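Peer 1: For reference, the structure I am asking about is given below.
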Amino acid sequence: MAKITLNGRPVEAADGTLLIDVAKQAGVAIPHYCYHPALGNPGNCRMCLVEIKGAPKLMPSCRVRVADGMVVSTESPAVAAAQSGELELHLVNHPLDCPVCDQSGECGLQDYYMSIGRYKSSMVEDKRHFEKRKPVGPRVMLDQERCIACTRCVRFLAEVSKTHELGMFGRGHQERIDLAPGKTLDNPYSGNVVDICPVGALTDRDFRYQVRVWYLDRSDTVCPGCSRGCAISLHTSTQRPWHNGARRAARIKPRFNPEVNGYWICDEGRYSYKALDRDRLGKVLKLKPSRAELSWDAAFSEVSSRVKGLLEDHGPQSLAVVASGALSNEDWRSFKKLFVDSWKLVNFAFDPAPDQAGEEDALLRRRDKVPNLKGGAALGFGDQIKSLPWESLAHSIEAGRIKGLYVVDRDLFGVWGAKTPGLLEGLELVVFQGPWKGSTGDLAHYRLPATAWAEEDGGFTNFEGRSQGYRAALPPVGDAQPDWRIFEGLLAGLRAGRAE
Amino acid sequence: MTALLWTLAKVGAALGFGMNWAAFLGWVERKQSAVMQDRIGANRADILGLRVIGLFHIIADPIKLFTKEDFVPAGVRPAFHAMAPAVSLGFPLLALAAFPYGGTVEFLGRSWSLQPVESPVGLVLVLAMVAMGIHGVVMAGYASNSYYGLLGGLRGASQMIAYEVCLAATLAGALFLYGSLDLAEAVAWQTRMIAGVVPAWGAVLQPVGFVLFLVAGTALTKRTPFDLPEGESEIVGYHVEYSGMKFGMFMMTDLIESVVVACLAATLFLGGWHVPFLPVDAFSALGPMLAGPAMACVMVASFTAKVALVLFVLMQVRWTLPRFRFDQLLDLGWKNILPLALANFLLTAWAVYLAKSWGVSPWR
Amino acid sequence: MAVTVRPVTRPERDLAVQVYIVEVLKGLGVTFRHFFVNLGRHAAALAGVKAAPGAVTIQYPEDPPALGGRARTRHRILRRSDGSPRCTACLLCETICPARCIRITAEDSPAVVIEKRAKTFEIDLGLCVFCGNCVEACPVDAIRMDTGDLDIPAMDRRSMIWDLEKLMRDG
């Protein structure tokens with residue numbers, strides 16, 4: 001252990017820790033641009049200079065490891081003057097187009113100017129001019145003028161994604177970030193360079209000009225994109241509904257979780273928010289034999305009495321349940337309570353089919369594109385209760401052994417393709433429950449709207465068995481209810497039916 | 001049958017009297033304030049370029065109020081919200097039916113009373129109707145789903161209750177003299193003369209009572225300086241939750257209440273329809289066909305003139321004094337007017353007792 | 001500068017004042033005097049005597065008021081030399097607006113020099129409180145409140161909302 005004095009305060013830290021990290025743990029924020037805990041410390045921005053007793057000059061705290069007896073000041077006049085001077089140098093060629101810059105409001109230059117800058121600029125010459133609007137990839141826009149050459153993006157692409165699309169070109173006054181010849185920034189993790197860019201040089205083309213960041217609300221949640229379960233922060237724009245193309249969800253940013261995803265998320269997850277405002281179900285509907293809008297109470301009692309009739313006539317084998325790994329831990333529990341404990345059903349299908357499989361890599365992405373199969377497995381779905389193979393389920397329906405289907409948030413067209421309508425046609429009862437419109441929902445007798453993950457509290461268990469809770473970020477769409485409440489409602493409806 | 005028709009006609013006329021006064025006062029209000037404040041006032045409504053000092057605003061205002069958007073704010077209790085202006089306006093209007101707009105005239109061989117509702121407890125009817133108006137105020141405050149509206153409604157309720165009590169107390173002295181709650185009898189009593197020169201009007205015999213009555217009456221109408229329920233510089237109250245003619249009805253309520261108070265003042269303190277030194281049979285020379293109607297016209301004109309005078313003074317007070325603070329308002333009512341009115345009443349009672357026991361009667 | 005203290009004596013409120021009735025009568029005296037004097041003047045004016053006006057009112061629509069140089073009146077959006085709106089859709093005016101009467105949506109501008117421009121720009125003049133904060137906030141002097149135009153009433157709420165085209169009319 002090293003005992004150091006930080007701003008006159010004794011602080012203990014493990015030997016060999018970077019001074020900037022020690023200070024951060026002790027609650028002293030040292031300004032910095034180039035240093036990033038996951039991307040190393042080139043020490044090129046010089047913003048983190050601190051005064052160390054005995055050192056002849058100010059030292060960059062991201063390059064200094066603590067040693068016993070160190071006396072450090074981050075607040076001395078010399079430090080303040082040096083940091084302010086460094087900031088002025090960073091801003092010498094910065095275009096200061098904050099009003100039209102998407103980064104403004106969460107920009108390192110703005111933050112440090114207001115906290116440690118406040119100088120009067122001595123720059124009177126023309127600023128240098130580079131390319132202002134260069135789409136370096138399908139998702140990222142580069143503004144070379146705004147760049148302060150911290151090289152975080154270059155290091156990310158070299159060390160984390162290992163794809164090397166961006167590099168530093170030119171020297172001195174002409175130094176700038178640019179694409180490596182013949183490359184495009186289109187790797188599946190390209191969005192992260194926007195997050196790590198401390199200024200507005202790299203911006204998200206998807207988020208570009210949609211809404212100013214100060215109108216966003218931030219909610220901590222978990223990505224539902226695959227079984228990795230990355231910690232994310234969902235940013236929503238509900239204060240002024242005309243922004244962001246009248247959509248509620250505006251963007252997803254990674255949230256640091258060293259156990260799961262570190263600082264990163266993949267692009268697939270980053271843009272999965274778009275589904276939240278697209279093709280949503282909000283009305284409790286009876287579609288067959290005639291279309292009618294129902295109240296939840298009516299739907300609960302109608303569906304449960306239809307199910308009761310089916311089970312009495314043909315036995316518990318006649319109703320199959322199709323589920324998706326998108327259910328939360330809480331949903332799975334009520335799911336089991338309703339279908340296994342109360343209705344005594346035996347035919348379940350929840351394995352990922354082609355509709356829920358995708359690309360996989362060593363960094364974050366997983367093949368099964370549903371977040372919570374593990375949550376079901378914890379309740380026995382997989383071990384005690386096996387998932388029916390999809391083909392045999394189709395055969396059972398064709399053979400007439402299965403007369404009813406309860407589909408929870410799954411589009412069967414992704415599994416069975418074109419033969420789906422024919423299969424569902426012959427069934428006596430099809431209930432669809434889920435957040436999104438889809439062809440399967442249109443073929444159902446009853447269509448029950450459920451909330452999406454961003455509209456409910458809950459938890460996902462990722463493929464390693466790690467459970468993470470998430471909070472509702474948005475109000476439900478229309479009459480939608482969380483899945484577990486629908487299951488409980490049906491349970492209550494069936495009980496009420498029995499009491500009669 | 002004739003009696004019923006005559007009563008209905010009289011009641012209709014009384015309502016017309018009130019409504020027309022209210023419409024006219026809307027113009028007077030603006031014009032009088034303008035003249036005393038070196039302004040011109042309403043003068044733009046015209047028919048074919050004819051403006052007539054803005055008198056057409058009397059027509060223009062209702063047209064505007066009736067055609068305006070009837071906006072109902074979100075979250076109100078619709079039934080009560082719609083009912084409140086009607087309740088507020090209806091009851092003071094009913095009170096107008098109880099006043100004697102004239103005495104009794106002979107015509108076509110029978111006598112016609114000019115009082116719509118000839119009740120031995122006419123005054124109680126008037127006070128009861130005015131008191132019922134409180135419900136409209138509270139209802140509006142309750143129904144409008146607004147803190148300020150509710151505050152205004154509560155202010156209005158406590159103010160009107162306080163000043164109902166005061167109003168009754170200020171009238172007690174005069175009523176003790178007249179010995180009746182019948183408004184027609186009160187007027188009949190006032191037609192006598194003191195020493196043959198001064199009419200025995202309530203204002204002459206009960207000056208303190210008259211002044212206190214005017215103050216309490218002004219407070220009852222919820223108009224400046226006692227416009228606490230509205231208080232447009234502080235809460236604006238439930239008025240802001242209404243639009244179009246519903247708002248107009250609240251405006252009219254205040255004006256109708258002013259008319260009621262002016263009618264009460266005219267009836268109980270200014271001799272009602274009585275014209276001093278004009279004998280009842282002054283027009284008998286015109287013959288039996290004209291004498292009765294002529295006398296009726298004079299009586300109604302006299303009553304109307306007295307009401308107009310009181311309204312003019314009330315209007316002038318309204319544009320002269322600033323608003324009271326709420327605690328000052330209640331202090332004034334409960335701690336000042338009520339004790340003074342009661343003292344006035346006791347003094348009157350004592351004087352009447354002494355006069356009776358000494359057998360003195362100063363008026364003949 | 002030394003603090004100077006000027007003692008202010010509260011006016012004595014003797015009984016005559018506290019009774020208030022006397023003061024009320026004094027006040028009524030003033031207003032009655034004005035009323036009757038002005039009534040006479042109005043009557044004289046009607047009769048054709050011009051010397052003594054009973055009122056000092058400006059007759060508004062015929063006789064427009066002289067506005068002060070700093071008066072904040074209806075907004076306008078200024079144009080660049082090529083006729084396009086100066087607005088860069090930075091949303092600072094929308095952000096500072098205390099009445100939330102400005103609604104802007106942004107898009108990429110075709111010219112690279114000006115990166116961003118307004119796709120829609122609406123001011124709801126029915127909500128505007130004429131505080132002028134939008135003018136202060138604008139970094140490119142695109143919005144001003146100097147039209148001198150105060151006649152902005154409309155027959156319904158919808159037409160109180162002015163779009164970019166309308167706002168640029170006198171830009």
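Following the order of the structure tokens, chains are lettered A, B, ..., residues in each are numbered from 1, and ligands are numbered from 1.
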Mind running chain C against chain B at 12 Å and telling me each contacting residue's nearest atom pair with the distance in Å (one decimal), counting only C-alpha atoms, chain and number ascending, as JSON lines?
Peer 2:
{"residue": "C:Gln18", "atom": "CA", "partner": "B:Leu332", "partner_atom": "CA", "distance": 11.9}
{"residue": "C:Val19", "atom": "CA", "partner": "B:Asn336", "partner_atom": "CA", "distance": 10.1}
{"residue": "C:Tyr20", "atom": "CA", "partner": "B:Leu332", "partner_atom": "CA", "distance": 10.9}
{"residue": "C:Ile21", "atom": "CA", "partner": "B:Val211", "partner_atom": "CA", "distance": 9.5}
{"residue": "C:Glu23", "atom": "CA", "partner": "B:Leu321", "partner_atom": "CA", "distance": 10.0}
{"residue": "C:Val24", "atom": "CA", "partner": "B:Leu321", "partner_atom": "CA", "distance": 7.4}
{"residue": "C:Leu25", "atom": "CA", "partner": "B:Val317", "partner_atom": "CA", "distance": 9.3}
{"residue": "C:Lys26", "atom": "CA", "partner": "B:Thr320", "partner_atom": "CA", "distance": 10.1}
{"residue": "C:Gly27", "atom": "CA", "partner": "B:Thr320", "partner_atom": "CA", "distance": 6.5}
{"residue": "C:Leu28", "atom": "CA", "partner": "B:Thr320", "partner_atom": "CA", "distance": 6.3}
{"residue": "C:Gly29", "atom": "CA", "partner": "B:Thr320", "partner_atom": "CA", "distance": 9.6}
{"residue": "C:Val30", "atom": "CA", "partner": "B:Thr320", "partner_atom": "CA", "distance": 8.7}
{"residue": "C:Thr31", "atom": "CA", "partner": "B:Met36", "partner_atom": "CA", "distance": 5.9}
{"residue": "C:Phe32", "atom": "CA", "partner": "B:Met36", "partner_atom": "CA", "distance": 7.1}
{"residue": "C:Arg33", "atom": "CA", "partner": "B:Met36", "partner_atom": "CA", "distance": 8.0}
{"residue": "C:His34", "atom": "CA", "partner": "B:Met36", "partner_atom": "CA", "distance": 5.0}
{"residue": "C:Phe35", "atom": "CA", "partner": "B:Met36", "partner_atom": "CA", "distance": 4.0}
{"residue": "C:Phe36", "atom": "CA", "partner": "B:Met36", "partner_atom": "CA", "distance": 7.7}
{"residue": "C:Val37", "atom": "CA", "partner": "B:Met36", "partner_atom": "CA", "distance": 8.5}
{"residue": "C:Asn38", "atom": "CA", "partner": "B:Val35", "partner_atom": "CA", "distance": 5.9}
{"residue": "C:Leu39", "atom": "CA", "partner": "B:Val35", "partner_atom": "CA", "distance": 6.5}
{"residue": "C:Gly40", "atom": "CA", "partner": "B:Val35", "partner_atom": "CA", "distance": 10.0}
{"residue": "C:Arg41", "atom": "CA", "partner": "B:Val35", "partner_atom": "CA", "distance": 9.7}
{"residue": "C:His42", "atom": "CA", "partner": "B:Val35", "partner_atom": "CA", "distance": 8.4}
{"residue": "C:Ala43", "atom": "CA", "partner": "B:Ile53", "partner_atom": "CA", "distance": 10.6}
{"residue": "C:Ala45", "atom": "CA", "partner": "B:Ile40", "partner_atom": "CA", "distance": 11.7}
{"residue": "C:Leu46", "atom": "CA", "partner": "B:Ile53", "partner_atom": "CA", "distance": 9.6}
{"residue": "C:Ala52", "atom": "CA", "partner": "B:Asp38", "partner_atom": "CA", "distance": 11.5}
{"residue": "C:Pro53", "atom": "CA", "partner": "B:Asp38", "partner_atom": "CA", "distance": 8.8}
{"residue": "C:Gly54", "atom": "CA", "partner": "B:Asp38", "partner_atom": "CA", "distance": 5.8}
{"residue": "C:Ala55", "atom": "CA", "partner": "B:Asp38", "partner_atom": "CA", "distance": 4.3}
{"residue": "C:Val56", "atom": "CA", "partner": "B:Arg39", "partner_atom": "CA", "distance": 6.1}
{"residue": "C:Thr57", "atom": "CA", "partner": "B:Arg39", "partner_atom": "CA", "distance": 5.7}
{"residue": "C:Ile58", "atom": "CA", "partner": "B:Arg39", "partner_atom": "CA", "distance": 9.3}
{"residue": "C:Gln59", "atom": "CA", "partner": "B:Ile40", "partner_atom": "CA", "distance": 9.5}
{"residue": "C:Tyr60", "atom": "CA", "partner": "B:Arg44", "partner_atom": "CA", "distance": 11.4}
{"residue": "C:Pro61", "atom": "CA", "partner": "B:Arg44", "partner_atom": "CA", "distance": 11.3}
{"residue": "C:Met155", "atom": "CA", "partner": "B:Lys68", "partner_atom": "CA", "distance": 10.4}
{"residue": "C:Asp156", "atom": "CA", "partner": "B:Glu69", "partner_atom": "CA", "distance": 9.5}
{"residue": "C:Arg157", "atom": "CA", "partner": "B:Glu69", "partner_atom": "CA", "distance": 11.1}
Peer 1: Kindly save the residues from that selection, with C-alpha atoms included, as a compact mmCIF listing (two decimals), in the first residue's frame.
Peer 2:
# COMPACT_ATOMS: atom_id res chain seq x y z
CA GLN C 18 -59.15 55.18 10.98
CA VAL C 19 -62.91 55.44 10.80
CA TYR C 20 -62.29 55.46 7.05
CA ILE C 21 -65.70 56.83 6.17
CA GLU C 23 -61.49 59.24 3.81
CA VAL C 24 -63.90 57.36 1.59
CA LEU C 25 -65.97 60.51 1.22
CA LYS C 26 -62.83 62.51 0.37
CA GLY C 27 -61.94 59.98 -2.29
CA LEU C 28 -65.45 59.98 -3.64
CA GLY C 29 -65.22 63.76 -3.76
CA VAL C 30 -62.24 63.55 -6.06
CA THR C 31 -63.79 60.99 -8.37
CA PHE C 32 -67.15 62.76 -8.45
CA ARG C 33 -65.45 66.02 -9.29
CA HIS C 34 -63.59 64.36 -12.16
CA PHE C 35 -66.75 62.66 -13.29
CA PHE C 36 -68.86 65.78 -13.50
CA VAL C 37 -66.12 68.04 -14.87
CA ASN C 38 -65.31 65.49 -17.59
CA LEU C 39 -69.00 64.94 -18.26
CA GLY C 40 -69.29 68.65 -18.94
CA ARG C 41 -66.26 68.54 -21.23
CA HIS C 42 -67.58 65.55 -23.16
CA ALA C 43 -70.91 67.31 -23.55
CA ALA C 45 -67.09 68.34 -27.24
CA LEU C 46 -70.30 66.77 -28.54
CA ALA C 52 -61.59 71.20 -23.44
CA PRO C 53 -61.00 67.49 -24.12
CA GLY C 54 -62.52 65.19 -21.50
CA ALA C 55 -60.04 62.44 -22.23
CA VAL C 56 -56.38 61.94 -23.00
CA THR C 57 -56.78 58.60 -24.77
CA ILE C 58 -54.93 57.48 -27.90
CA GLN C 59 -57.42 56.22 -30.48
CA TYR C 60 -55.50 53.02 -31.20
CA PRO C 61 -56.12 51.64 -34.65
CA MET C 155 -59.80 33.69 -35.08
CA ASP C 156 -58.51 30.37 -33.72
CA ARG C 157 -55.55 29.02 -31.80
Peer 1: May I ask you to extract the residues of chain C within 9 Å of chain A, using only C-alpha atoms, and to give them as a count of residues only?
Peer 2: 18
Peer 1: As an exercise, work out the distance from CA of Ser88 (chain B) to CA of Leu342 (chain B) in Å and give it to one decimal place.
Peer 2: 29.3 Å
Peer 1: Can you pull out every residue from region 263-482 of chain A that DSSP, working from the backbone, puts in strand (DSSP E or B), and format the result as number ranges by chain?
Peer 2: A: 280, 285-286, 292-293, 319-322, 347-349, 357, 368, 381, 385, 404-408, 429-434, 436, 446-450, 458-461, 467-470, 481
Peer 1: Hey, what's within 12 Å of Arg410 (chain A) if we count only C-alpha atoms and toss same-chain stuff fewer than 6 positions away? As a PyMOL selection string, please?
Peer 2: chain A and resi 321-327+349-356+370+416+431-441
Peer 1: Would you list the contacts of His395 (chain A) as a ChimeraX atom specification, taking every protein, DNA or RNA residue within 12 Å and counting only C-alpha atoms, but skipping same-chain residues closer than 6 positions in sequence?
Peer 2: /A:388-389,401-403,416,419,423
Peer 1: Residues at most 6 Å from region 254-263 of chain A, counting only C-alpha atoms, excluding those fewer than 6 positions away in the same chain, as an NGL selection string?
Peer 2: :A and (230-233)
Peer 1: Could you tell me how far CA of Asp217 (chain A) sits from CA of Leu202 (chain A), in Å to one decimal place?
Peer 2: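 Between CA of Leu202 (chain A) and CA of Asp217 (chain A) the gap is 22.0 Å.
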Peer 1: Between CA of Leu268 (chain B) and CA of Ala3 (chain B), measure the distance and give it in Å to one decimal.
Peer 2: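 Between these atoms lies a distance of 26.3 Å.
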Peer 1: Which residue, A:Gly172, A:Val92, A:Lys57, A:Asp361, has the smallest gap to Tyr189 (chain A) when you use only C-alpha atoms?
Peer 2: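 Closest to Tyr189 (chain A), using only C-alpha atoms: A:Asp361.
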